[in-house]
$ cat my_file-v5.cif   # mmCIF, C-alpha atoms
data_coords
loop_
_atom_site.label_atom_id
_atom_site.label_comp_id
_atom_site.auth_asym_id
_atom_site.auth_seq_id
_atom_site.Cartn_x
_atom_site.Cartn_y
_atom_site.Cartn_z
CA MET A 547 -31.80 54.67 -20.35
CA THR A 548 -28.70 54.35 -18.23
CA SER A 549 -26.14 51.62 -18.49
CA ASN A 550 -24.15 50.31 -15.55
CA ASN A 551 -20.53 49.44 -16.28
CA SER A 552 -19.54 46.44 -14.18
CA HIS A 553 -15.92 46.06 -13.21
CA GLN A 554 -14.59 42.59 -12.44
CA ARG A 555 -11.86 42.41 -9.86
CA THR A 556 -9.38 39.52 -10.01
CA ILE A 557 -8.65 37.99 -6.62
CA ARG A 558 -5.41 36.10 -6.30
CA LEU A 559 -5.36 32.96 -4.16
CA SER A 560 -2.24 34.25 -2.43
CA SER A 561 -4.10 37.39 -1.36
CA LEU A 562 -6.62 35.43 0.72
CA PRO A 563 -6.17 35.43 4.52
CA ILE A 564 -3.75 32.78 5.78
CA GLY A 565 -6.45 31.41 8.08
CA ALA A 566 -8.79 30.75 5.16
CA LEU A 567 -6.03 29.11 3.14
CA ALA A 568 -4.95 26.96 6.08
CA HIS A 569 -8.53 25.82 6.67
CA THR A 570 -8.97 24.94 2.99
CA ALA A 571 -5.63 23.12 2.90
CA SER A 572 -6.63 20.99 5.90
CA TYR A 573 -8.87 18.95 3.58
CA LEU A 574 -5.90 17.97 1.38
CA ALA A 575 -3.38 15.15 1.78
CA VAL A 576 -0.21 16.30 3.57
CA PRO A 577 2.00 16.37 0.42
CA SER A 578 -0.67 18.38 -1.40
CA ARG A 579 -0.83 20.87 1.49
CA ALA A 580 2.94 21.29 1.39
CA LEU A 581 2.92 21.73 -2.40
CA LEU A 582 0.19 24.35 -2.05
CA ALA A 583 2.27 26.24 0.52
CA VAL A 584 5.26 26.14 -1.82
CA ALA A 585 3.17 27.30 -4.80
CA LEU A 586 1.76 30.28 -2.89
CA ASP A 587 5.26 31.27 -1.74
CA SER A 588 3.85 33.67 0.84
CA ARG A 589 6.30 36.12 2.44
CA GLU A 590 4.28 36.35 5.67
CA GLU A 591 6.18 34.74 8.54
CA GLY A 592 4.71 31.41 9.61
CA SER A 593 2.32 31.21 6.65
CA ASN A 594 3.95 28.16 5.05
CA SER A 595 3.78 26.12 8.25
CA ALA A 596 0.17 27.17 8.77
CA ILE A 597 -0.80 25.94 5.31
CA ALA A 598 1.41 22.86 5.16
CA GLY A 599 0.78 21.91 8.78
CA LYS A 600 2.85 22.73 11.84
CA GLU A 601 3.49 19.16 13.03
CA VAL A 602 4.13 17.17 9.86
CA ASP A 603 5.81 13.93 10.93
CA THR A 604 4.84 11.82 7.89
CA LEU A 605 5.19 12.61 4.20
CA ASP A 606 3.80 9.92 1.91
CA PHE A 607 3.72 10.92 -1.74
CA GLY A 608 1.60 7.85 -2.39
CA ASP A 609 -1.27 9.91 -0.92
CA ILE A 610 -1.38 12.17 -3.99
CA GLU A 611 -2.22 11.38 -7.61
CA LYS A 612 0.31 9.10 -9.25
CA ASP A 613 0.64 11.37 -12.29
CA LEU A 614 1.34 14.38 -10.09
CA ALA A 615 4.01 12.58 -8.06
CA ALA A 616 5.69 11.49 -11.30
CA LYS A 617 6.01 15.13 -12.37
CA LEU A 618 7.72 16.33 -9.18
CA SER A 619 11.32 17.45 -9.47
CA ASP A 620 14.13 17.55 -6.91
CA ASP A 621 13.41 21.24 -6.44
CA ASP A 622 9.79 20.42 -5.58
CA ILE A 623 10.85 17.80 -3.03
CA ARG A 624 13.40 20.18 -1.52
CA ASP A 625 10.81 22.98 -1.18
CA VAL A 626 8.29 20.61 0.42
CA LEU A 627 10.84 19.41 2.99
CA VAL A 628 11.82 22.99 3.80
CA SER A 629 8.22 24.17 4.14
CA THR A 630 7.45 21.38 6.63
CA ASN A 631 10.64 21.87 8.66
CA ALA A 632 11.46 18.24 7.87
CA VAL A 633 14.91 18.20 9.44
CA ASN A 634 13.36 18.80 12.88
CA LYS A 635 9.88 17.28 12.46
CA LEU A 636 9.72 14.57 9.81
CA LYS A 637 9.82 10.94 11.01
CA LYS A 638 8.55 8.99 7.99
CA LEU A 639 9.21 9.68 4.31
CA ARG A 640 7.88 7.65 1.39
CA LEU A 641 8.75 8.90 -2.09
CA ALA A 642 6.17 6.71 -3.83
CA ASN A 643 5.85 7.40 -7.58
CA CYS A 644 8.43 10.22 -7.54
CA ILE A 645 10.13 8.56 -10.48
CA ASN A 646 11.81 11.66 -11.96
CA ILE A 647 14.03 12.70 -9.05
CA THR A 648 17.75 12.10 -8.58
CA GLY A 649 17.56 12.43 -4.79
CA ALA A 650 19.33 15.78 -4.59
CA GLY A 651 16.08 17.26 -3.25
CA LEU A 652 16.52 15.34 0.01
CA GLU A 653 19.27 17.76 1.09
CA PRO A 654 17.01 19.49 3.72
CA LEU A 655 17.14 16.21 5.70
CA TRP A 656 20.90 16.65 6.19
CA GLY A 657 21.86 15.63 9.73
CA SER A 658 18.29 14.84 10.83
CA SER A 659 18.13 13.12 14.21
CA VAL A 660 14.36 12.54 14.11
CA ILE A 661 13.85 10.71 10.80
CA GLU A 662 12.95 7.04 11.49
CA PHE A 663 11.98 5.70 8.09
CA ILE A 664 12.92 6.51 4.50
CA ASP A 665 11.52 4.56 1.54
CA LEU A 666 13.55 5.31 -1.58
CA SER A 667 12.07 2.45 -3.63
CA LEU A 668 9.75 4.95 -5.39
CA ALA A 669 7.09 2.19 -5.50
CA GLY A 670 3.63 2.51 -4.01
CA ILE A 671 2.46 0.31 -1.16
CA HIS A 672 1.76 -3.23 -2.41
CA GLU A 673 3.40 -2.48 -5.76
CA SER A 674 6.47 -4.09 -7.28
CA PRO A 675 9.70 -2.09 -6.82
CA HIS A 676 10.93 -3.20 -10.26
CA LEU A 677 10.29 -0.01 -12.23
CA ASP A 678 10.50 0.28 -16.01
CA PRO A 679 12.14 2.43 -17.20
CA GLU A 680 14.69 2.61 -14.41
CA PRO A 681 14.35 5.84 -12.41
CA PRO A 682 17.24 8.35 -12.32
CA ILE A 683 17.57 8.32 -8.52
CA SER A 684 21.31 8.54 -7.88
CA PHE A 685 23.25 6.94 -5.05
CA ASP A 686 25.93 9.60 -5.46
CA GLU A 687 23.34 12.30 -4.72
CA VAL A 688 21.69 10.51 -1.80
CA LEU A 689 24.76 8.93 -0.11
CA PRO A 690 26.09 12.13 1.56
CA ILE A 691 22.61 12.85 2.98
CA LEU A 692 22.22 9.33 4.39
CA GLU A 693 25.75 9.46 5.78
CA SER A 694 24.95 12.71 7.59
CA ILE A 695 21.94 11.04 9.22
CA ILE A 696 23.69 7.91 10.53
CA GLU A 697 26.69 9.98 11.62
CA THR A 698 24.54 11.64 14.28
CA GLY A 699 25.52 8.58 16.35
CA GLU A 700 23.40 7.82 19.39
CA ASN A 701 20.98 10.56 18.36
CA CYS A 702 20.21 8.79 15.07
CA ALA A 703 16.55 7.66 15.08
CA LEU A 704 16.67 5.74 11.79
CA LYS A 705 14.93 2.34 12.03
CA LEU A 706 14.40 1.29 8.42
CA LEU A 707 15.84 2.27 5.04
CA VAL A 708 14.32 0.92 1.83
CA PHE A 709 16.64 1.30 -1.15
CA PRO A 710 15.74 1.56 -4.86
CA GLU A 711 15.79 -1.77 -6.68
CA VAL A 712 18.14 -0.28 -9.28
CA TRP A 713 20.88 0.11 -6.61
CA GLN A 714 20.61 -3.51 -5.52
CA LYS A 715 20.88 -5.35 -8.84
CA GLU A 716 24.60 -6.04 -8.58
CA ILE A 717 26.26 -4.93 -5.37
CA ASP A 718 30.01 -4.73 -5.83
CA GLU A 719 31.88 -5.39 -2.58
CA GLU A 720 34.25 -2.58 -3.52
CA SER A 721 31.44 -0.08 -4.15
CA ASP A 722 30.52 2.89 -1.96
CA PHE A 723 27.03 1.44 -1.63
CA HIS A 724 28.36 -1.79 -0.11
CA ALA A 725 30.53 0.20 2.28
CA PHE A 726 27.53 2.27 3.34
CA LEU A 727 25.46 -0.88 3.96
CA ILE A 728 28.16 -2.12 6.34
CA ARG A 729 28.19 1.18 8.25
CA TYR A 730 24.39 1.21 8.35
CA ASP A 731 24.28 -2.36 9.75
CA GLN A 732 26.92 -1.48 12.34
CA MET A 733 24.85 1.50 13.43
CA LEU A 734 21.80 -0.72 13.92
CA ILE A 735 23.73 -3.40 15.84
CA ARG A 736 25.19 -0.81 18.24
CA ARG A 737 21.65 -0.29 19.47
CA SER A 738 21.53 -3.95 20.64
CA PRO A 739 18.15 -4.68 19.01
CA SER A 740 15.98 -7.42 20.49
CA CYS A 741 13.23 -9.60 19.06
CA THR A 742 9.73 -8.30 19.75
CA LYS A 743 8.48 -11.88 20.20
CA CYS A 744 11.16 -13.71 22.21
CA ASN A 745 13.18 -10.71 23.45
CA SER A 746 16.49 -12.29 22.44
CA ASN A 747 19.40 -10.12 21.27
CA LEU A 748 19.75 -9.88 17.49
CA GLN A 749 22.64 -9.72 15.05
CA VAL A 750 22.78 -8.70 11.38
CA GLU A 751 21.22 -11.31 9.06
CA GLN A 752 19.39 -12.82 12.04
CA TYR A 753 16.33 -10.63 12.05
CA ASP A 754 13.87 -8.79 9.83
CA THR A 755 12.18 -5.43 10.38
CA CYS A 756 8.48 -5.05 9.67
CA TYR A 757 7.74 -2.46 6.99
CA GLY A 758 4.53 -1.49 8.76
CA CYS A 759 5.50 -1.02 12.41
CA PHE A 760 9.36 -1.11 12.24
CA LYS A 761 9.51 -3.79 14.95
CA ASN A 762 12.30 -6.38 14.81
CA PHE A 763 11.76 -10.14 14.84
CA CYS A 764 14.00 -13.21 14.68
CA ILE A 765 13.79 -14.74 11.22
CA ASP A 766 12.72 -18.06 12.81
CA CYS A 767 10.32 -16.80 15.49
CA GLU A 768 6.80 -18.17 15.19
CA GLU A 769 3.37 -17.10 16.40
CA ASP A 770 1.26 -19.42 18.56
CA ASP A 771 -0.45 -20.79 15.43
CA GLY A 772 2.88 -21.89 13.93
CA THR A 773 3.17 -19.09 11.33
CA TYR A 774 6.28 -16.93 11.19
CA CYS A 775 6.14 -13.64 13.07
CA VAL A 776 7.44 -11.84 9.98
CA ASP A 777 7.21 -12.89 6.34
CA TRP A 778 8.46 -11.66 2.98
CA CYS A 779 6.09 -10.72 0.14
CA ASN A 780 7.41 -11.71 -3.28
CA THR A 781 5.32 -9.01 -4.99
CA CYS A 782 6.10 -5.78 -3.11
CA GLU A 783 9.35 -7.28 -1.72
CA ARG A 784 8.79 -6.08 1.82
CA HIS A 785 8.77 -7.75 5.22
CA TYR A 786 5.58 -7.56 7.27
CA CYS A 787 4.76 -8.93 10.70
CA SER A 788 1.56 -10.88 11.15
CA HIS A 789 -0.08 -7.94 12.94
CA CYS A 790 0.49 -5.45 10.11
CA GLN A 791 -0.32 -7.57 7.06
CA ILE A 792 -1.70 -10.98 6.18
CA ILE A 793 0.76 -12.85 3.95
CA GLU A 794 -0.32 -16.10 2.33
CA SER A 795 1.53 -18.75 0.38
CA CYS A 796 0.64 -19.87 -3.12
CA GLY A 797 0.19 -23.57 -2.43
CA SER A 798 0.30 -24.87 -5.98
CA CYS A 799 2.94 -23.92 -8.54
CA CYS A 800 5.38 -21.39 -7.09
CA HIS A 801 4.86 -21.57 -3.30
CA GLU A 802 5.70 -17.86 -3.13
CA MET A 803 4.42 -15.59 -0.36
CA HIS A 804 2.16 -12.65 -1.18
CA CYS A 805 0.41 -9.91 0.79
CA VAL A 806 -3.33 -10.33 0.46
CA ASP A 807 -3.40 -6.68 -0.71
CA CYS A 808 -0.76 -7.42 -3.38
CA VAL A 809 -2.23 -10.59 -4.87
CA ALA A 810 -5.81 -11.75 -4.47
CA LEU A 811 -5.29 -15.49 -4.15
CA LYS A 812 -8.17 -17.70 -5.18
CA ARG A 813 -8.81 -20.78 -3.08
CA CYS A 814 -9.22 -24.32 -4.30
CA SER A 815 -12.81 -25.37 -3.66
CA ARG A 816 -11.65 -28.73 -2.38
CA CYS A 817 -8.41 -28.37 -0.38
CA ARG A 818 -8.64 -24.55 0.17
CA ILE A 819 -4.99 -23.82 -0.73
CA GLY A 820 -4.26 -20.38 -2.20
CA LEU A 821 -3.74 -20.07 -5.96
CA CYS A 822 -1.93 -17.09 -7.52
CA SER A 823 -2.60 -15.75 -11.02
CA ASP A 824 0.18 -17.91 -12.52
CA CYS A 825 -1.09 -21.16 -11.04
CA PRO A 826 -2.99 -23.61 -13.26
CA LYS A 827 -6.61 -23.34 -12.17
CA PHE A 828 -9.57 -25.41 -13.31
CA HIS A 829 -13.03 -23.92 -13.71
CA CYS A 830 -16.33 -25.72 -13.98
CA ASP A 831 -18.20 -24.89 -17.21
CA GLY A 832 -21.49 -25.66 -15.49
CA ASP A 833 -23.41 -23.54 -13.01
CA CYS A 834 -20.48 -22.88 -10.64
CA GLY A 835 -19.15 -19.85 -12.51
CA ASP A 836 -15.63 -18.43 -12.24
CA ASP A 837 -15.76 -17.97 -8.47
CA ARG A 838 -15.17 -21.66 -7.82
CA VAL A 839 -11.80 -23.04 -8.88
CA TRP A 840 -9.79 -26.20 -8.24
CA CYS A 841 -6.05 -26.72 -8.06
CA GLU A 842 -4.53 -29.14 -10.53
CA SER A 843 -4.07 -31.87 -7.95
CA CYS A 844 -7.64 -31.75 -6.66
CA TRP A 845 -9.18 -31.47 -10.12
CA TRP A 846 -7.48 -34.54 -11.47
CA ARG A 847 -7.96 -36.40 -8.22
CA SER A 848 -11.66 -35.73 -8.67
CA GLY A 849 -11.30 -36.79 -12.30
CA TYR A 850 -9.81 -40.12 -11.26
CA SER A 851 -12.75 -40.87 -8.97
CA TYR A 852 -15.43 -39.34 -11.18
CA ILE A 853 -14.10 -39.55 -14.76
CA GLN A 854 -16.97 -37.48 -16.15
CA SER A 855 -15.15 -34.23 -15.23
CA SER A 856 -13.76 -33.54 -18.73
CA CYS A 857 -15.26 -34.17 -22.17
CA PHE A 858 -13.01 -36.34 -24.37
CA LEU A 859 -13.94 -34.38 -27.52
CA CYS A 860 -14.36 -30.66 -26.69
CA CYS A 861 -12.59 -30.61 -23.30
CA THR A 862 -15.60 -29.00 -21.59
CA GLN A 863 -15.11 -29.40 -17.82
CA TYR A 864 -17.82 -30.01 -15.25
CA CYS A 865 -17.52 -30.68 -11.55
CA LYS A 866 -19.36 -33.69 -10.17
CA PRO A 867 -22.42 -31.79 -8.76
CA CYS A 868 -22.96 -29.86 -12.02
CA SER A 869 -22.57 -33.03 -14.10
CA LYS A 870 -25.31 -34.65 -12.04
CA SER A 871 -27.71 -31.71 -12.06
CA ASN A 872 -27.19 -30.54 -15.66
CA ALA A 873 -28.22 -32.75 -18.59
CA ASN A 874 -25.49 -31.10 -20.69
CA GLY A 875 -22.89 -32.02 -18.08
CA VAL A 876 -19.98 -34.39 -18.66
CA ARG A 877 -20.91 -38.01 -17.99
CA LEU A 878 -19.32 -41.40 -18.38
CA CYS A 879 -21.25 -43.89 -20.48
CA GLY A 880 -21.41 -47.22 -18.68
CA SER A 881 -21.54 -49.13 -21.97
CA CYS A 882 -18.81 -47.65 -24.20
CA GLU A 883 -16.98 -45.70 -21.46
CA ALA A 884 -17.11 -42.50 -23.54
CA CYS A 885 -16.76 -39.46 -21.28
CA LEU A 886 -18.66 -36.73 -23.15
CA CYS A 887 -20.61 -33.57 -22.52
CA GLY A 888 -24.29 -33.56 -23.48
CA GLN A 889 -23.86 -31.72 -26.79
CA CYS A 890 -21.00 -33.94 -28.02
CA ARG A 891 -23.00 -37.04 -27.08
CA VAL A 892 -25.99 -35.82 -29.12
CA GLU A 893 -23.74 -35.16 -32.12
CA LYS A 894 -22.22 -38.64 -31.75
CA CYS A 895 -25.64 -40.26 -31.75
CA GLU A 896 -26.77 -38.19 -34.77
CA GLU A 897 -23.73 -39.57 -36.64
CA GLY A 898 -24.95 -43.08 -35.82
CA SER A 899 -21.95 -44.00 -33.66
CA GLY A 900 -23.70 -43.83 -30.31
CA CYS A 901 -24.23 -46.95 -28.22
CA ARG A 902 -27.41 -47.74 -26.28
CA GLY A 903 -26.09 -45.96 -23.18
CA CYS A 904 -25.14 -42.89 -25.21
CA LEU A 905 -28.60 -42.80 -26.81
CA GLN A 906 -30.16 -42.81 -23.35
CA HIS A 907 -27.98 -39.89 -22.23
CA ALA A 908 -28.62 -38.08 -25.51
CA PHE A 909 -32.37 -38.45 -25.00
CA GLU A 910 -32.04 -36.74 -21.60
CA VAL A 911 -30.11 -33.90 -23.24
CA LEU A 912 -32.65 -33.49 -26.05
CA LEU A 913 -35.51 -33.57 -23.54
CA ALA A 914 -33.81 -30.92 -21.39
CA ASN A 915 -33.09 -28.81 -24.48
CA LYS A 916 -36.71 -29.14 -25.53
CA LYS A 917 -37.90 -27.88 -22.15
CA THR A 918 -35.45 -25.00 -22.39
CA VAL A 919 -36.69 -24.04 -25.86
CA GLU A 920 -40.32 -24.31 -24.73
CA ALA A 921 -39.58 -22.03 -21.76
CA GLU A 922 -37.86 -19.53 -24.07
CA ASN A 923 -40.84 -19.66 -26.47
CA ASP A 924 -43.24 -19.03 -23.60
CA GLU A 925 -41.15 -16.07 -22.52
CA LEU A 926 -41.09 -14.70 -26.07
CA ARG A 927 -44.87 -15.13 -26.36
CA ASP A 928 -45.35 -13.22 -23.11
CA HIS A 929 -43.03 -10.49 -24.32
CA ASN A 930 -44.85 -10.36 -27.66
CA ARG A 931 -48.18 -10.06 -25.85
CA VAL A 932 -46.90 -7.14 -23.77
CA MET A 933 -45.54 -5.42 -26.87
CA LYS A 934 -48.89 -5.81 -28.66
CA ASN A 935 -50.69 -4.29 -25.70
CA ASN A 936 -48.25 -1.38 -25.69
CA ILE A 937 -48.80 -0.84 -29.41
CA ASN A 938 -52.58 -0.82 -28.95
CA GLU A 939 -52.29 1.69 -26.13
CA LEU A 940 -50.08 3.95 -28.25
CA ARG A 941 -52.50 3.63 -31.18
CA ASN A 942 -55.42 4.64 -28.95
CA GLU A 943 -53.48 7.59 -27.57
CA ASN A 944 -52.59 8.64 -31.11
CA ASN A 945 -56.23 8.48 -32.22
CA GLU A 946 -57.29 10.51 -29.20
CA LEU A 947 -54.70 13.19 -29.94
CA LYS A 948 -55.77 13.21 -33.58
CA ARG A 949 -59.41 13.82 -32.63
CA LYS A 950 -58.43 16.64 -30.29
CA TRP A 951 -56.29 18.25 -32.99
CA GLU A 952 -59.12 18.05 -35.52
CA GLY A 953 -61.46 19.65 -32.98
CA LEU A 954 -59.04 22.50 -32.42
CA ASP A 955 -58.49 22.93 -36.13
CA GLY A 956 -62.26 23.06 -36.74
CA GLY A 957 -62.70 25.69 -34.05
CA ASP A 958 -60.07 27.96 -35.63
CA GLY A 959 -61.82 27.68 -38.98
CA GLU A 960 -65.06 29.13 -37.56
#

$ encode --input "my_file-v5.cif" --output "structure tokens"
Amino acid sequence: MTSNNSHQRTIRLSSLPIGALAHTASYLAVPSRALLAVALDSREEGSNSAIAGKEVDTLDFGDIEKDLAAKLSDDDIRDVLVSTNAVNKLKKLRLANCINITGAGLEPLWGSSVIEFIDLSLAGIHESPHLDPEPPISFDEVLPILESIIETGENCALKLLVFPEVWQKEIDEESDFHAFLIRYDQMLIRRSPSCTKCNSNLQVEQYDTCYGCFKNFCIDCEEDDGTYCVDWCNTCERHYCSHCQIIESCGSCCHEMHCVDCVALKRCSRCRIGLCSDCPKFHCDGDCGDDRVWCESCWWRSGYSYIQSSCFLCCTQYCKPCSKSNANGVRLCGSCEACLCGQCRVEKCEEGSGCRGCLQHAFEVLLANKKTVEAENDELRDHNRVMKNNINELRNENNELKRKWEGLDGGDGE
């Protein structure tokens, strides 16, 4: 008997052909491709660009897992920018969720004349820029890099800078950050920007830039339907034009504006105004469910016209249609003017304090409850009948198996 000794050979990922690696990497998000190229650290000329992509004009770290982005260091960011030839190719950079960098890793962008957009907020799209704990991103590290970009003069392509919230808490007029903001604004004004809607010339503080398309609009310009061309979202704290994002106003308590992708506003079933999560909302405890809500104004306006909306004792709330269709709904007694739900009215009558009108309503509730109980009993009887049939079938199968086993056992004995 001969034995074959099998030898396992370990194949390193870096030893695979560049073409195979580049094809595999093409299925990954751009930051992941660049990180893969950095990790392989191939010495073959042109291999990094083949894996990371030769024409990388957008790097959005929000495209990779949040936990992975949070682990990236300045060295990682620097290597990614180098591997993608960012200084000559990159136009858009979003450092979403890179909460552990100081900004020193942005050094490969030094003097870039192609970069158009840099988001240093470290927040994901449609997420609040108020991060806790505060990230370590340092203005002292980033300032020289930003200065080198705007100092390219007429060649500077920068259209929008988004700064970390931590830099903007208290801006000292004597600070380097304030001085940079002035130089940045002056650079933008030298371009003589014009409004995309009305084509008028713009000055600082007279226009907003859309976060989505980088187009400029007058702060007062309106669309044909009367809405502003660009609005501010109070959640993600970004400006968007009406073509890039739908922004709606909370029409009840705060009147703040929110992207529909930031806050899912519920709408009042009566007046259709938007209601944010902090707004007082009234739900019907009847058959409407949680999908239908009313703003405070509409609910109590309805309550004034149809007082049966809220039970005086347990505060159960029913809208008018549910109160009419459901015996347990909230109704106003025409005799004693007690506004009660069905269950509280029954309890009141059982205590002997119910008037003639309440007794009539209570009878309707008891009758409806009786029908409900009878329907439940019928359903239980049907279920019991099915279970009995299943038990009989199992008993018959068991007897049949027992007879077969006894027949086999008898045959072995012979």

$ closest_residue --input "my_file-v5.cif" --among "A:Cys887, A:Ile792, A:Cys808, A:Cys868" --to "Cys830 (chain A)" --atoms "only C-alpha atoms"
A:Cys868

$ atom_distance --input "my_file-v5.cif" --atom1 "CA of Ser694 (chain A)" --atom2 "CA of Leu727 (chain A)"
14.1 Å

$ resolve_selection --input "my_file-v5.cif" --expression "the PyMOL selection byres ((chain A and resi 580) around 8)" --output "list in words"
Val576, Pro577, Ser578, Arg579, Leu581, Leu582, Ala583, Val584, Asn594, Ile597, Ala598, Gly599, Val626, Ser629 and Thr630 of chain A

$ closest_residue --input "my_file-v5.cif" --among "A:Trp713, A:Phe607, A:Tyr753, A:Phe763" --to "Asp622 (chain A)" --atoms "only C-alpha atoms"
A:Phe607

$ residues_around --input "my_file-v5.cif" --residues "Glu653 (chain A)" --least-positions-apart "2" --cutoff "8 Å" --atoms "only C-alpha atoms" --output "list in words"
Arg624, Ala650, Gly651, Leu655, Trp656 and Ile691 of chain A

$ closest_residue --input "my_file-v5.cif" --among "A:Ala873, A:Ile671, A:Leu636, A:Cys814" --to "Phe909 (chain A)" --atoms "only C-alpha atoms"
A:Ala873

$ atom_distance --input "my_file-v5.cif" --atom1 "CA of Lys916 (chain A)" --atom2 "CA of Tyr864 (chain A)"
21.5 Å

$ resolve_selection --input "my_file-v5.cif" --expression "the PyMOL selection byres ((chain A and resi 821-826) around 7)" --output "ChimeraX atom specification"
/A:796-799,811-813,819-820,827-828,841-842

$ resolve_selection --input "my_file-v5.cif" --expression "the PyMOL selection byres ((chain A and resi 696) around 9)" --output "list in words"
Gly657, Ser658, Ser659, Leu692, Glu693, Ser694, Ile695, Glu697, Thr698, Gly699, Glu700, Asn701, Cys702, Ala703, Leu704, Arg729, Tyr730 and Met733 of chain A

$ atom_distance --input "my_file-v5.cif" --atom1 "CA of Ile793 (chain A)" --atom2 "CA of Val809 (chain A)"
9.6 Å

$ axis_aligned_box --input "my_file-v5.cif" --around "region 740-747 of chain A" --padding-each-side "4 Å" --output "JSON"
{"center_x": 13.9, "center_y": -10.6, "center_z": 21.3, "size_x": 18.9, "size_y": 14.3, "size_z": 12.4}

$ residues_near_point --input "my_file-v5.cif" --point "(-26.7, -32.8, -22.0)" --cutoff "10 Å" --atoms "all atoms listed in the file" --output "PyMOL selection string"
chain A and resi 869+872-877+886-892+907-915

$ closest_residue --input "my_file-v5.cif" --among "A:Ser788, A:Asn643, A:Asn780, A:Asn631" --to "Lys617 (chain A)" --atoms "only C-alpha atoms"
A:Asn643

$ closest_residue --input "my_file-v5.cif" --among "A:Gln749, A:Trp778, A:Glu783, A:Glu943" --to "Ser795 (chain A)" --atoms "all atoms listed in the file"
A:Trp778

$ closest_residue --input "my_file-v5.cif" --among "A:Leu668, A:Ile623, A:Gln714, A:Val660" --to "Cys644 (chain A)" --atoms "all atoms listed in the file"
A:Leu668

$ residues_near_point --input "my_file-v5.cif" --point "(-16.2, -40.8, -22.4)" --cutoff "10 Å" --atoms "only C-alpha atoms" --output "PDB file with C-alpha atoms, in the frame of the given file"
ATOM      1  CA  ILE A 853     -14.100 -39.550 -14.760  1.00  0.00           C
ATOM      2  CA  GLN A 854     -16.970 -37.480 -16.150  1.00  0.00           C
ATOM      3  CA  SER A 855     -15.150 -34.230 -15.230  1.00  0.00           C
ATOM      4  CA  SER A 856     -13.760 -33.540 -18.730  1.00  0.00           C
ATOM      5  CA  CYS A 857     -15.260 -34.170 -22.170  1.00  0.00           C
ATOM      6  CA  PHE A 858     -13.010 -36.340 -24.370  1.00  0.00           C
ATOM      7  CA  LEU A 859     -13.940 -34.380 -27.520  1.00  0.00           C
ATOM      8  CA  VAL A 876     -19.980 -34.390 -18.660  1.00  0.00           C
ATOM      9  CA  ARG A 877     -20.910 -38.010 -17.990  1.00  0.00           C
ATOM     10  CA  LEU A 878     -19.320 -41.400 -18.380  1.00  0.00           C
ATOM     11  CA  CYS A 879     -21.250 -43.890 -20.480  1.00  0.00           C
ATOM     12  CA  GLY A 880     -21.410 -47.220 -18.680  1.00  0.00           C
ATOM     13  CA  SER A 881     -21.540 -49.130 -21.970  1.00  0.00           C
ATOM     14  CA  CYS A 882     -18.810 -47.650 -24.200  1.00  0.00           C
ATOM     15  CA  GLU A 883     -16.980 -45.700 -21.460  1.00  0.00           C
ATOM     16  CA  ALA A 884     -17.110 -42.500 -23.540  1.00  0.00           C
ATOM     17  CA  CYS A 885     -16.760 -39.460 -21.280  1.00  0.00           C
ATOM     18  CA  LEU A 886     -18.660 -36.730 -23.150  1.00  0.00           C
ATOM     19  CA  CYS A 887     -20.610 -33.570 -22.520  1.00  0.00           C
ATOM     20  CA  ARG A 891     -23.000 -37.040 -27.080  1.00  0.00           C
ATOM     21  CA  CYS A 904     -25.140 -42.890 -25.210  1.00  0.00           C
TER      22      CYS A 904
END

$ decode --input "my_file-v5.cif" --residues "region 911-917 of chain A" --atoms "N, CA, C and O atoms" --output "mmCIF file, in the first residue's frame"
data_model
loop_
_atom_site.group_PDB
_atom_site.id
_atom_site.type_symbol
_atom_site.label_atom_id
_atom_site.label_comp_id
_atom_site.auth_asym_id
_atom_site.auth_seq_id
_atom_site.Cartn_x
_atom_site.Cartn_y
_atom_site.Cartn_z
ATOM 1 N N VAL A 911 -72.034 48.487 23.394
ATOM 2 C CA VAL A 911 -70.683 47.974 23.625
ATOM 3 C C VAL A 911 -70.735 46.508 24.035
ATOM 4 O O VAL A 911 -69.984 45.664 23.519
ATOM 5 N N LEU A 912 -71.647 46.190 24.994
ATOM 6 C CA LEU A 912 -71.756 44.811 25.465
ATOM 7 C C LEU A 912 -72.194 43.886 24.334
ATOM 8 O O LEU A 912 -71.730 42.741 24.233
ATOM 9 N N LEU A 913 -73.110 44.371 23.492
ATOM 10 C CA LEU A 913 -73.569 43.561 22.362
ATOM 11 C C LEU A 913 -72.427 43.304 21.388
ATOM 12 O O LEU A 913 -72.241 42.181 20.901
ATOM 13 N N ALA A 914 -71.638 44.367 21.114
ATOM 14 C CA ALA A 914 -70.492 44.200 20.209
ATOM 15 C C ALA A 914 -69.454 43.267 20.811
ATOM 16 O O ALA A 914 -68.881 42.419 20.111
ATOM 17 N N ASN A 915 -69.228 43.399 22.131
ATOM 18 C CA ASN A 915 -68.269 42.514 22.795
ATOM 19 C C ASN A 915 -68.739 41.072 22.766
ATOM 20 O O ASN A 915 -67.943 40.137 22.605
ATOM 21 N N LYS A 916 -70.069 40.898 22.912
ATOM 22 C CA LYS A 916 -70.631 39.550 22.871
ATOM 23 C C LYS A 916 -70.392 38.917 21.508
ATOM 24 O O LYS A 916 -70.003 37.740 21.400
ATOM 25 N N LYS A 917 -70.626 39.697 20.457
ATOM 26 C CA LYS A 917 -70.402 39.170 19.102
ATOM 27 C C LYS A 917 -68.935 38.828 18.890
ATOM 28 O O LYS A 917 -68.613 37.832 18.233
#
